[in-house]
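Below is the file data-v6.cif, which contains mmCIF, C-alpha atoms.
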data_coords
loop_
_atom_site.group_PDB
_atom_site.id
_atom_site.type_symbol
_atom_site.label_atom_id
_atom_site.label_comp_id
_atom_site.auth_asym_id
_atom_site.auth_seq_id
_atom_site.Cartn_x
_atom_site.Cartn_y
_atom_site.Cartn_z
ATOM 1 C CA MET A 1 0.000 0.000 0.000
ATOM 2 C CA THR A 2 1.431 3.362 -1.058
ATOM 3 C CA ALA A 3 1.356 6.179 1.503
ATOM 4 C CA VAL A 4 -0.280 9.507 0.700
ATOM 5 C CA ASP A 5 2.223 12.387 0.599
ATOM 6 C CA THR A 6 -0.141 15.042 1.935
ATOM 7 C CA VAL A 7 -3.047 14.649 4.357
ATOM 8 C CA PHE A 8 -4.569 17.791 5.846
ATOM 9 C CA ASP A 9 -7.687 16.181 7.327
ATOM 10 C CA SER A 10 -7.879 12.404 7.325
ATOM 11 C CA GLN A 11 -11.183 10.922 6.206
ATOM 12 C CA ILE A 12 -11.635 7.528 7.865
ATOM 13 C CA SER A 13 -15.333 6.691 7.542
ATOM 14 C CA SER A 14 -14.971 3.077 8.694
ATOM 15 C CA LEU A 15 -14.282 4.312 12.253
ATOM 16 C CA SER A 16 -15.956 6.957 14.424
ATOM 17 C CA LEU A 17 -14.030 10.214 14.744
ATOM 18 C CA LEU A 18 -13.126 10.848 18.369
ATOM 19 C CA GLY A 19 -11.631 14.277 17.745
ATOM 20 C CA ARG A 20 -9.128 16.351 15.785
ATOM 21 C CA GLY A 21 -6.209 18.039 17.519
ATOM 22 C CA LYS A 22 -3.797 20.563 16.067
ATOM 23 C CA VAL A 23 -2.011 17.815 14.152
ATOM 24 C CA ARG A 24 -3.547 14.432 15.036
ATOM 25 C CA ASP A 25 -6.922 12.895 14.211
ATOM 26 C CA ASN A 26 -8.166 10.220 16.621
ATOM 27 C CA TYR A 27 -10.681 7.516 15.774
ATOM 28 C CA VAL A 28 -12.396 4.991 18.044
ATOM 29 C CA ILE A 29 -11.598 1.319 17.410
ATOM 30 C CA ASP A 30 -13.009 -0.119 20.619
ATOM 31 C CA GLU A 31 -13.135 0.705 24.331
ATOM 32 C CA ASP A 32 -9.429 -0.063 24.732
ATOM 33 C CA THR A 33 -7.809 1.212 21.540
ATOM 34 C CA MET A 34 -7.969 4.050 19.056
ATOM 35 C CA LEU A 35 -6.383 4.994 15.746
ATOM 36 C CA MET A 36 -4.146 8.070 15.872
ATOM 37 C CA VAL A 37 -3.477 9.575 12.433
ATOM 38 C CA THR A 38 -0.729 12.183 12.187
ATOM 39 C CA SER A 39 -1.695 14.736 9.553
ATOM 40 C CA ASP A 40 0.513 17.213 7.706
ATOM 41 C CA ARG A 41 -1.081 20.180 9.470
ATOM 42 C CA LEU A 42 1.320 22.592 11.124
ATOM 43 C CA SER A 43 0.471 24.839 14.061
ATOM 44 C CA ALA A 44 2.452 27.915 15.026
ATOM 45 C CA PHE A 45 1.687 30.052 18.061
ATOM 46 C CA ASP A 46 -1.195 27.618 18.664
ATOM 47 C CA VAL A 47 -2.849 28.504 15.344
ATOM 48 C CA ILE A 48 -3.306 25.833 12.669
ATOM 49 C CA LEU A 49 -1.837 27.045 9.378
ATOM 50 C CA SER A 50 -3.798 26.492 6.188
ATOM 51 C CA ASP A 51 -0.747 25.195 4.305
ATOM 52 C CA PRO A 52 0.260 21.597 5.084
ATOM 53 C CA ILE A 53 3.872 20.408 5.029
ATOM 54 C CA PRO A 54 4.028 17.351 2.729
ATOM 55 C CA ASN A 55 4.984 14.112 4.522
ATOM 56 C CA LYS A 56 5.407 15.921 7.845
ATOM 57 C CA GLY A 57 2.990 13.528 9.514
ATOM 58 C CA ARG A 58 4.948 10.513 8.299
ATOM 59 C CA VAL A 59 8.194 12.013 9.610
ATOM 60 C CA LEU A 60 6.623 12.707 13.008
ATOM 61 C CA ASN A 61 5.112 9.228 13.163
ATOM 62 C CA GLN A 62 8.385 7.488 12.304
ATOM 63 C CA LEU A 63 10.451 9.624 14.674
ATOM 64 C CA SER A 64 7.982 9.343 17.572
ATOM 65 C CA THR A 65 7.889 5.569 17.178
ATOM 66 C CA PHE A 66 11.696 5.469 17.249
ATOM 67 C CA TRP A 67 11.833 7.455 20.490
ATOM 68 C CA LEU A 68 8.956 5.551 22.097
ATOM 69 C CA ASN A 69 10.686 2.240 21.469
ATOM 70 C CA THR A 70 14.176 3.486 22.352
ATOM 71 C CA LEU A 71 13.434 5.474 25.506
ATOM 72 C CA ALA A 72 10.667 3.277 26.870
ATOM 73 C CA ALA A 73 12.927 0.239 26.744
ATOM 74 C CA LYS A 74 15.807 2.091 28.355
ATOM 75 C CA LEU A 75 13.727 3.643 31.143
ATOM 76 C CA LYS A 76 11.238 0.767 31.459
ATOM 77 C CA LEU A 77 8.370 3.178 30.875
ATOM 78 C CA PRO A 78 4.954 2.068 29.556
ATOM 79 C CA THR A 79 3.788 3.783 26.344
ATOM 80 C CA HIS A 80 0.560 3.992 24.378
ATOM 81 C CA LEU A 81 1.876 1.689 21.623
ATOM 82 C CA THR A 82 -0.016 -1.548 20.934
ATOM 83 C CA GLY A 83 1.913 -2.969 17.984
ATOM 84 C CA ILE A 84 -1.305 -3.429 15.986
ATOM 85 C CA ALA A 85 -0.945 -2.505 12.307
ATOM 86 C CA PRO A 86 -3.119 0.542 11.494
ATOM 87 C CA GLU A 87 -3.932 -0.876 8.050
ATOM 88 C CA SER A 88 -5.714 -3.760 9.789
ATOM 89 C CA VAL A 89 -8.349 -1.577 11.458
ATOM 90 C CA VAL A 90 -9.577 0.532 8.517
ATOM 91 C CA ALA A 91 -11.334 -0.203 5.253
ATOM 92 C CA THR A 92 -9.159 -1.283 2.321
ATOM 93 C CA GLN A 93 -9.722 1.976 0.426
ATOM 94 C CA GLU A 94 -8.577 3.982 3.488
ATOM 95 C CA ARG A 95 -5.266 2.233 4.054
ATOM 96 C CA ASP A 96 -3.266 4.755 2.013
ATOM 97 C CA GLN A 97 -4.276 7.451 4.522
ATOM 98 C CA VAL A 98 -2.810 5.548 7.474
ATOM 99 C CA THR A 99 0.262 3.858 5.987
ATOM 100 C CA GLY A 100 3.336 5.376 7.595
ATOM 101 C CA ARG A 101 1.426 8.078 9.450
ATOM 102 C CA ALA A 102 -0.822 6.287 11.945
ATOM 103 C CA LEU A 103 -0.625 4.170 15.077
ATOM 104 C CA VAL A 104 -3.094 1.986 16.908
ATOM 105 C CA VAL A 105 -2.701 3.125 20.507
ATOM 106 C CA LYS A 106 -4.194 2.503 23.928
ATOM 107 C CA ARG A 107 -7.073 4.703 24.995
ATOM 108 C CA LEU A 108 -5.719 6.452 28.082
ATOM 109 C CA LYS A 109 -6.977 9.204 30.346
ATOM 110 C CA PRO A 110 -4.849 12.182 29.246
ATOM 111 C CA ILE A 111 -3.149 14.313 31.867
ATOM 112 C CA MET A 112 -3.921 17.838 30.684
ATOM 113 C CA ILE A 113 -0.430 19.155 31.319
ATOM 114 C CA GLU A 114 2.340 19.833 28.816
ATOM 115 C CA ALA A 115 5.456 18.421 30.496
ATOM 116 C CA VAL A 116 8.094 20.857 29.206
ATOM 117 C CA VAL A 117 11.806 20.364 29.837
ATOM 118 C CA ARG A 118 14.280 23.114 28.945
ATOM 119 C CA GLY A 119 18.015 22.628 28.683
ATOM 120 C CA TYR A 120 18.879 25.908 26.952
ATOM 121 C CA LEU A 121 17.716 29.497 27.232
ATOM 122 C CA ILE A 122 15.636 30.271 24.159
ATOM 123 C CA GLY A 123 12.130 31.234 23.036
ATOM 124 C CA SER A 124 9.644 32.290 25.702
ATOM 125 C CA GLY A 125 12.135 31.179 28.351
ATOM 126 C CA TRP A 126 14.655 33.764 27.132
ATOM 127 C CA LYS A 127 12.003 36.484 27.139
ATOM 128 C CA ASP A 128 10.971 35.503 30.649
ATOM 129 C CA TYR A 129 14.575 35.510 31.849
ATOM 130 C CA GLN A 130 15.248 38.962 30.390
ATOM 131 C CA GLN A 131 12.299 40.374 32.294
ATOM 132 C CA SER A 132 12.588 38.534 35.596
ATOM 133 C CA GLY A 133 15.858 36.630 35.815
ATOM 134 C CA ALA A 134 13.761 33.463 36.022
ATOM 135 C CA VAL A 135 11.959 31.039 33.714
ATOM 136 C CA CYS A 136 8.442 30.111 34.783
ATOM 137 C CA GLY A 137 9.291 31.117 38.329
ATOM 138 C CA ILE A 138 12.570 29.173 38.466
ATOM 139 C CA ASN A 139 15.405 31.557 39.331
ATOM 140 C CA LEU A 140 18.500 31.260 37.142
ATOM 141 C CA PRO A 141 22.061 32.626 37.464
ATOM 142 C CA LYS A 142 22.661 36.193 36.340
ATOM 143 C CA GLY A 143 24.446 36.969 33.105
ATOM 144 C CA LEU A 144 23.135 34.145 30.933
ATOM 145 C CA VAL A 145 22.885 34.889 27.209
ATOM 146 C CA LEU A 146 20.581 33.787 24.405
ATOM 147 C CA ALA A 147 20.820 30.057 23.616
ATOM 148 C CA GLN A 148 23.119 29.350 26.558
ATOM 149 C CA GLN A 149 22.956 25.919 28.126
ATOM 150 C CA LEU A 150 21.359 25.973 31.568
ATOM 151 C CA PRO A 151 23.298 24.655 34.583
ATOM 152 C CA GLU A 152 20.839 21.745 34.602
ATOM 153 C CA PRO A 153 17.580 20.967 32.790
ATOM 154 C CA ILE A 154 14.493 22.619 34.273
ATOM 155 C CA PHE A 155 10.899 21.416 34.270
ATOM 156 C CA THR A 156 8.417 24.128 33.283
ATOM 157 C CA PRO A 157 4.888 22.734 32.872
ATOM 158 C CA ALA A 158 2.106 24.326 30.875
ATOM 159 C CA PHE A 159 -1.644 23.902 30.944
ATOM 160 C CA LYS A 160 -2.769 22.286 27.701
ATOM 161 C CA ALA A 161 -5.188 24.676 25.981
ATOM 162 C CA ASN A 162 -8.012 23.959 23.574
ATOM 163 C CA ILE A 163 -7.443 24.367 19.841
ATOM 164 C CA GLY A 164 -7.164 28.037 18.924
ATOM 165 C CA GLU A 165 -6.133 29.017 22.441
ATOM 166 C CA HIS A 166 -2.611 29.466 23.780
ATOM 167 C CA ASP A 167 -1.024 27.014 26.201
ATOM 168 C CA GLU A 168 -0.487 28.667 29.582
ATOM 169 C CA ASN A 169 2.781 28.337 31.472
ATOM 170 C CA ILE A 170 2.128 27.352 35.074
ATOM 171 C CA SER A 171 4.278 26.847 38.159
ATOM 172 C CA PHE A 172 5.040 23.413 39.521
ATOM 173 C CA ALA A 173 2.904 24.300 42.547
ATOM 174 C CA GLN A 174 -0.036 24.970 40.221
ATOM 175 C CA MET A 175 0.589 21.638 38.544
ATOM 176 C CA GLN A 176 0.534 19.944 41.950
ATOM 177 C CA ASN A 177 -2.788 21.600 42.721
ATOM 178 C CA GLN A 178 -4.135 20.515 39.338
ATOM 179 C CA ILE A 179 -3.201 16.808 39.354
ATOM 180 C CA GLY A 180 -1.889 16.061 42.860
ATOM 181 C CA ASN A 181 1.557 16.066 44.468
ATOM 182 C CA ASP A 182 2.585 12.470 43.802
ATOM 183 C CA LEU A 183 1.599 12.442 40.140
ATOM 184 C CA ALA A 184 3.223 15.837 39.545
ATOM 185 C CA GLU A 185 6.481 14.657 41.112
ATOM 186 C CA GLN A 186 6.395 11.466 39.067
ATOM 187 C CA ILE A 187 5.844 13.288 35.792
ATOM 188 C CA ARG A 188 8.599 15.801 36.520
ATOM 189 C CA SER A 189 11.056 13.021 37.329
ATOM 190 C CA ILE A 190 10.126 10.969 34.248
ATOM 191 C CA SER A 191 10.250 14.007 31.952
ATOM 192 C CA ILE A 192 13.735 15.054 33.013
ATOM 193 C CA ALA A 193 14.996 11.467 32.722
ATOM 194 C CA LEU A 194 13.505 11.197 29.215
ATOM 195 C CA TYR A 195 15.088 14.481 28.174
ATOM 196 C CA GLN A 196 18.525 13.572 29.519
ATOM 197 C CA SER A 197 18.457 10.184 27.814
ATOM 198 C CA ALA A 198 17.398 11.734 24.512
ATOM 199 C CA VAL A 199 20.064 14.439 24.793
ATOM 200 C CA SER A 200 22.763 11.772 25.189
ATOM 201 C CA HIS A 201 21.613 10.029 22.022
ATOM 202 C CA ALA A 202 21.170 13.232 20.016
ATOM 203 C CA ASP A 203 24.667 14.393 20.969
ATOM 204 C CA THR A 204 26.123 11.418 19.082
ATOM 205 C CA CYS A 205 24.113 12.559 16.039
ATOM 206 C CA GLY A 206 25.407 16.144 16.077
ATOM 207 C CA ILE A 207 22.100 17.545 17.325
ATOM 208 C CA ILE A 208 21.323 19.586 20.425
ATOM 209 C CA ILE A 209 17.855 19.183 21.935
ATOM 210 C CA ALA A 210 17.299 22.642 23.384
ATOM 211 C CA ASP A 211 13.886 21.861 24.852
ATOM 212 C CA THR A 212 10.948 19.554 24.371
ATOM 213 C CA LYS A 213 7.538 18.668 25.725
ATOM 214 C CA PHE A 214 6.042 15.322 26.682
ATOM 215 C CA GLU A 215 2.482 14.185 27.208
ATOM 216 C CA PHE A 216 1.272 11.459 29.529
ATOM 217 C CA GLY A 217 -1.874 9.481 30.200
ATOM 218 C CA LEU A 218 -3.168 7.055 32.799
ATOM 219 C CA ASP A 219 -4.577 3.582 32.258
ATOM 220 C CA ASP A 220 -7.413 2.073 34.291
ATOM 221 C CA ARG A 221 -4.964 1.143 37.056
ATOM 222 C CA GLY A 222 -3.558 4.670 37.274
ATOM 223 C CA VAL A 223 -0.235 3.715 35.655
ATOM 224 C CA VAL A 224 1.524 6.603 33.870
ATOM 225 C CA HIS A 225 2.117 6.039 30.143
ATOM 226 C CA LEU A 226 4.128 8.127 27.691
ATOM 227 C CA MET A 227 1.799 9.071 24.822
ATOM 228 C CA ASP A 228 1.126 11.291 21.840
ATOM 229 C CA GLU A 229 4.232 12.586 20.032
ATOM 230 C CA VAL A 230 7.720 12.273 21.467
ATOM 231 C CA LEU A 231 10.781 14.397 20.641
ATOM 232 C CA THR A 232 9.690 15.486 17.169
ATOM 233 C CA PRO A 233 10.434 18.734 15.309
ATOM 234 C CA ASP A 234 6.889 19.807 16.235
ATOM 235 C CA SER A 235 7.409 19.353 19.976
ATOM 236 C CA SER A 236 11.121 20.133 20.345
ATOM 237 C CA ARG A 237 13.881 22.501 19.340
ATOM 238 C CA PHE A 238 16.635 20.670 17.470
ATOM 239 C CA TRP A 239 19.865 22.573 16.741
ATOM 240 C CA ALA A 240 22.882 21.612 14.652
ATOM 241 C CA ARG A 241 25.773 21.306 17.108
ATOM 242 C CA ALA A 242 28.321 22.305 14.451
ATOM 243 C CA GLN A 243 26.559 25.662 13.957
ATOM 244 C CA TYR A 244 25.684 26.323 17.592
ATOM 245 C CA ARG A 245 26.835 29.648 19.050
ATOM 246 C CA THR A 246 25.671 31.363 22.214
ATOM 247 C CA GLY A 247 24.277 34.859 21.825
ATOM 248 C CA GLU A 248 22.384 34.025 18.625
ATOM 249 C CA SER A 249 19.411 31.906 17.626
ATOM 250 C CA PRO A 250 20.928 28.665 16.298
ATOM 251 C CA ALA A 251 20.058 26.978 13.007
ATOM 252 C CA SER A 252 17.241 24.539 13.706
ATOM 253 C CA PHE A 253 15.605 21.388 12.365
ATOM 254 C CA ASP A 254 12.130 22.145 13.655
ATOM 255 C CA LYS A 255 9.147 24.432 13.192
ATOM 256 C CA GLN A 256 11.040 27.359 14.698
ATOM 257 C CA PHE A 257 11.976 28.000 11.058
ATOM 258 C CA VAL A 258 8.297 28.682 10.331
ATOM 259 C CA ARG A 259 7.853 30.700 13.527
ATOM 260 C CA ASP A 260 10.790 32.916 12.520
ATOM 261 C CA TYR A 261 9.191 33.536 9.124
ATOM 262 C CA LEU A 262 5.838 34.394 10.699
ATOM 263 C CA GLU A 263 7.547 36.700 13.216
ATOM 264 C CA SER A 264 8.869 38.725 10.260
ATOM 265 C CA LEU A 265 5.282 39.493 9.195
ATOM 266 C CA ILE A 266 2.663 41.794 10.646
ATOM 267 C CA TRP A 267 0.347 39.282 12.305
ATOM 268 C CA ASN A 268 -1.459 39.278 15.669
ATOM 269 C CA LYS A 269 -0.938 35.508 16.150
ATOM 270 C CA GLN A 270 -4.674 34.889 15.918
ATOM 271 C CA ALA A 271 -6.477 32.821 13.293
ATOM 272 C CA PRO A 272 -6.394 32.994 10.370
ATOM 273 C CA ALA A 273 -2.627 32.743 9.971
ATOM 274 C CA PRO A 274 -0.790 34.114 6.928
ATOM 275 C CA ARG A 275 -0.229 31.738 4.029
ATOM 276 C CA LEU A 276 3.200 30.166 3.699
ATOM 277 C CA PRO A 277 5.174 30.692 0.477
ATOM 278 C CA GLN A 278 6.307 27.556 -1.344
ATOM 279 C CA ASN A 279 9.980 28.014 -0.447
ATOM 280 C CA ILE A 280 9.151 28.048 3.283
ATOM 281 C CA ILE A 281 7.018 24.897 2.880
ATOM 282 C CA THR A 282 9.784 23.101 0.962
ATOM 283 C CA GLN A 283 12.556 24.123 3.353
ATOM 284 C CA THR A 284 10.473 23.104 6.363
ATOM 285 C CA ALA A 285 9.819 19.659 4.873
ATOM 286 C CA ASP A 286 13.551 19.280 4.187
ATOM 287 C CA LYS A 287 14.461 20.231 7.764
ATOM 288 C CA TYR A 288 12.038 17.697 9.240
ATOM 289 C CA ARG A 289 13.400 14.910 7.059
ATOM 290 C CA GLU A 290 16.979 15.807 7.949
ATOM 291 C CA ALA A 291 16.136 15.682 11.666
ATOM 292 C CA LEU A 292 14.667 12.206 11.151
ATOM 293 C CA LEU A 293 17.715 10.988 9.251
ATOM 294 C CA ARG A 294 20.212 12.383 11.728
ATOM 295 C CA LEU A 295 18.463 11.144 14.847
ATOM 296 C CA THR A 296 17.457 7.663 13.653
ATOM 297 C CA GLY A 297 20.010 6.957 10.959
ATOM 298 C CA SER A 298 17.136 6.074 8.617
ATOM 299 C CA PRO A 299 15.452 8.152 5.901
ATOM 300 C CA LEU A 300 11.704 8.514 5.631
ATOM 301 C CA GLN A 301 10.288 5.072 4.884
ATOM 302 C CA ALA A 302 8.840 4.730 1.407
ATOM 303 C CA ASN A 303 5.701 2.984 2.673
#
Target encoding C-alpha cells, full file:
Amino acid sequence: MTAVDTVFDSQISSLSLLGRGKVRDNYVIDEDTMLMVTSDRLSAFDVILSDPIPNKGRVLNQLSTFWLNTLAAKLKLPTHLTGIAPESVVATQERDQVTGRALVVKRLKPIMIEAVVRGYLIGSGWKDYQQSGAVCGINLPKGLVLAQQLPEPIFTPAFKANIGEHDENISFAQMQNQIGNDLAEQIRSISIALYQSAVSHADTCGIIIADTKFEFGLDDRGVVHLMDEVLTPDSSRFWARAQYRTGESPASFDKQFVRDYLESLIWNKQAPAPRLPQNIITQTADKYREALLRLTGSPLQAN
C-alpha cells in the first residue's frame, strides 16, 4: 500500500471520529484502543496554518515511534503503543491514509499538562529571563545569554489549551494543585529522565535538543504512560551542534523555522494565519526529514 504524501484532514469513515487536535486525528476502534493519524497540518503560536507540510505527519510518526521504542525500553516506561498494524483496522480503500502516518494506541486518560523540559535558554524562556531573571518562576544565574545551556535541565509545565487558544505556562505548585503532588512529582522526574536520555543520544548525532515537551496518560490502574508525540520537530527545538553559538538563535531542524518567518510578518498571532510561500514549505519539509535521518540513521520510509 502506497502512503499519501499530503493529508490535511484524514477521512476515515470506517471508524468513528473521536476528535481532531492541532495535528492528530483520533478515531475509536473499541473501548481499549484508538487509531491516531498524524496529519501534515502545522500549528504555530497555537494557530493551525492552512498550508500543510508534505509528509510531515509521516516524519513525526516514524520519529515518535523510534523514540517511544528506544526510551521506553531504556527507562522501562509504559507507552501507548499496541503494535497493531493501522492498516488492519480501517477499510481497504482507506489504508493509504494511514500507511506510515498512523498508530493503533491505547485509549488512556490524558493528563492535561504539557510536560516541558528546557536545557537551553531560548524562546519564551529567554524572554521571561530577560524580564525577571527566572523562567516560569525558576530563578536562574545572572548573566546568561541567548541560547546558553542551563546549569541543569528545568521542568516548566504548561496547561494544555483547547485548539485556537494558547497554552499557559504554570508553576510546579499549580501543577501539583491541578493533578496532585505524587503524580506531579512522578511526571517531573520521568520528563527530566527522558530528556537527559534523549540528549545523550542526540549528541552522538550532532544535534542539540534545546527543549521539548512530553504528554502522559493514565490507564485504568492509574499507571503513567508516555503518549502522543515524542521528541519530534513539532514538539522540540533541534539545533545543529556544528553551527551552535551562544548569543544568537541557532540553526534549527524544527518548526522554529516557520515561527521565525511568521515573526517577520505583521500578524497578531490569531487565526487565520498568513499563508506560507512555497519556499518556506519546501525548506520546512527538508528540515524535518533531515532531523529524522540524523536522529534515527534512517530516511523517511517509502511505505
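Each of A:Lys287, A:Leu183, A:Tyr120, A:Ala302 was checked against Tyr244 (chain A) using only C-alpha atoms; the smallest atom-to-atom distance is that of A:Tyr120.
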Step by step, work through what the PyMOL selection byres ((chain A and resi 52) around 10) selects in the shown file, and finish by giving those residues as a short mmCIF file (atom, residue, chain, number, x, y, z; two decimals) with C-alpha atoms, keeping the file's coordinate frame.
data_model
loop_
_atom_site.label_atom_id
_atom_site.label_comp_id
_atom_site.auth_asym_id
_atom_site.auth_seq_id
_atom_site.Cartn_x
_atom_site.Cartn_y
_atom_site.Cartn_z
CA THR A 6 -0.14 15.04 1.94
CA VAL A 7 -3.05 14.65 4.36
CA PHE A 8 -4.57 17.79 5.85
CA ASP A 9 -7.69 16.18 7.33
CA SER A 39 -1.70 14.74 9.55
CA ASP A 40 0.51 17.21 7.71
CA ARG A 41 -1.08 20.18 9.47
CA LEU A 42 1.32 22.59 11.12
CA SER A 43 0.47 24.84 14.06
CA ILE A 48 -3.31 25.83 12.67
CA LEU A 49 -1.84 27.04 9.38
CA SER A 50 -3.80 26.49 6.19
CA ASP A 51 -0.75 25.20 4.30
CA ILE A 53 3.87 20.41 5.03
CA PRO A 54 4.03 17.35 2.73
CA ASN A 55 4.98 14.11 4.52
CA LYS A 56 5.41 15.92 7.84
CA GLY A 57 2.99 13.53 9.51
CA LEU A 276 3.20 30.17 3.70
CA ILE A 281 7.02 24.90 2.88
CA ALA A 285 9.82 19.66 4.87
#
message: Considering all atoms listed in the file, can you say which of A:Arg237, A:Arg58, A:Arg289, A:Arg221 comes closest to Ala202 (chain A)?
response: A:Arg237
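When only C-alpha atoms are used to measure the gap to Val116 (chain A), the shortest distance among A:Asp167, A:Asp25, A:Asp128, A:Asp5 belongs to A:Asp167.
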- request: Run the PyMOL selection byres ((chain A and resi 251) around 6) against the file shown and list the residues it catches, as a VMD selection string.
  value: chain A and resid 239 250 252
statement: The distance between CA of Glu229 (chain A) and CA of Ser64 (chain A) is 5.5 Å
Any chance you could build region 211-222 of chain A out to N, CA and C atoms and write it as a PDB file, in the coordinates of the input?
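File rebuild.pdb, as written:
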ATOM      1  N   ASP A 211      15.023  22.071  23.953  1.00  0.00           N
ATOM      2  CA  ASP A 211      13.886  21.861  24.852  1.00  0.00           C
ATOM      3  C   ASP A 211      12.891  20.945  24.166  1.00  0.00           C
ATOM      4  N   THR A 212      11.955  20.438  24.935  1.00  0.00           N
ATOM      5  CA  THR A 212      10.948  19.554  24.371  1.00  0.00           C
ATOM      6  C   THR A 212       9.763  19.484  25.315  1.00  0.00           C
ATOM      7  N   LYS A 213       8.699  18.873  24.856  1.00  0.00           N
ATOM      8  CA  LYS A 213       7.538  18.668  25.725  1.00  0.00           C
ATOM      9  C   LYS A 213       7.040  17.239  25.568  1.00  0.00           C
ATOM     10  N   PHE A 214       6.579  16.675  26.667  1.00  0.00           N
ATOM     11  CA  PHE A 214       6.042  15.322  26.682  1.00  0.00           C
ATOM     12  C   PHE A 214       4.583  15.368  27.114  1.00  0.00           C
ATOM     13  N   GLU A 215       3.856  14.325  26.741  1.00  0.00           N
ATOM     14  CA  GLU A 215       2.482  14.185  27.208  1.00  0.00           C
ATOM     15  C   GLU A 215       2.301  12.789  27.786  1.00  0.00           C
ATOM     16  N   PHE A 216       1.465  12.713  28.810  1.00  0.00           N
ATOM     17  CA  PHE A 216       1.272  11.459  29.529  1.00  0.00           C
ATOM     18  C   PHE A 216      -0.215  11.174  29.716  1.00  0.00           C
ATOM     19  N   GLY A 217      -0.513   9.894  29.906  1.00  0.00           N
ATOM     20  CA  GLY A 217      -1.874   9.481  30.200  1.00  0.00           C
ATOM     21  C   GLY A 217      -1.864   8.357  31.223  1.00  0.00           C
ATOM     22  N   LEU A 218      -3.026   8.087  31.782  1.00  0.00           N
ATOM     23  CA  LEU A 218      -3.168   7.055  32.799  1.00  0.00           C
ATOM     24  C   LEU A 218      -4.063   5.928  32.278  1.00  0.00           C
ATOM     25  N   ASP A 219      -3.690   4.686  32.590  1.00  0.00           N
ATOM     26  CA  ASP A 219      -4.577   3.582  32.258  1.00  0.00           C
ATOM     27  C   ASP A 219      -5.581   3.361  33.394  1.00  0.00           C
ATOM     28  N   ASP A 220      -6.359   2.318  33.296  1.00  0.00           N
ATOM     29  CA  ASP A 220      -7.413   2.073  34.291  1.00  0.00           C
ATOM     30  C   ASP A 220      -6.859   1.812  35.687  1.00  0.00           C
ATOM     31  N   ARG A 221      -5.588   1.410  35.754  1.00  0.00           N
ATOM     32  CA  ARG A 221      -4.964   1.143  37.056  1.00  0.00           C
ATOM     33  C   ARG A 221      -4.218   2.355  37.602  1.00  0.00           C
ATOM     34  N   GLY A 222      -4.253   3.466  36.843  1.00  0.00           N
ATOM     35  CA  GLY A 222      -3.558   4.670  37.274  1.00  0.00           C
ATOM     36  C   GLY A 222      -2.083   4.678  36.954  1.00  0.00           C
TER      37      GLY A 222
END
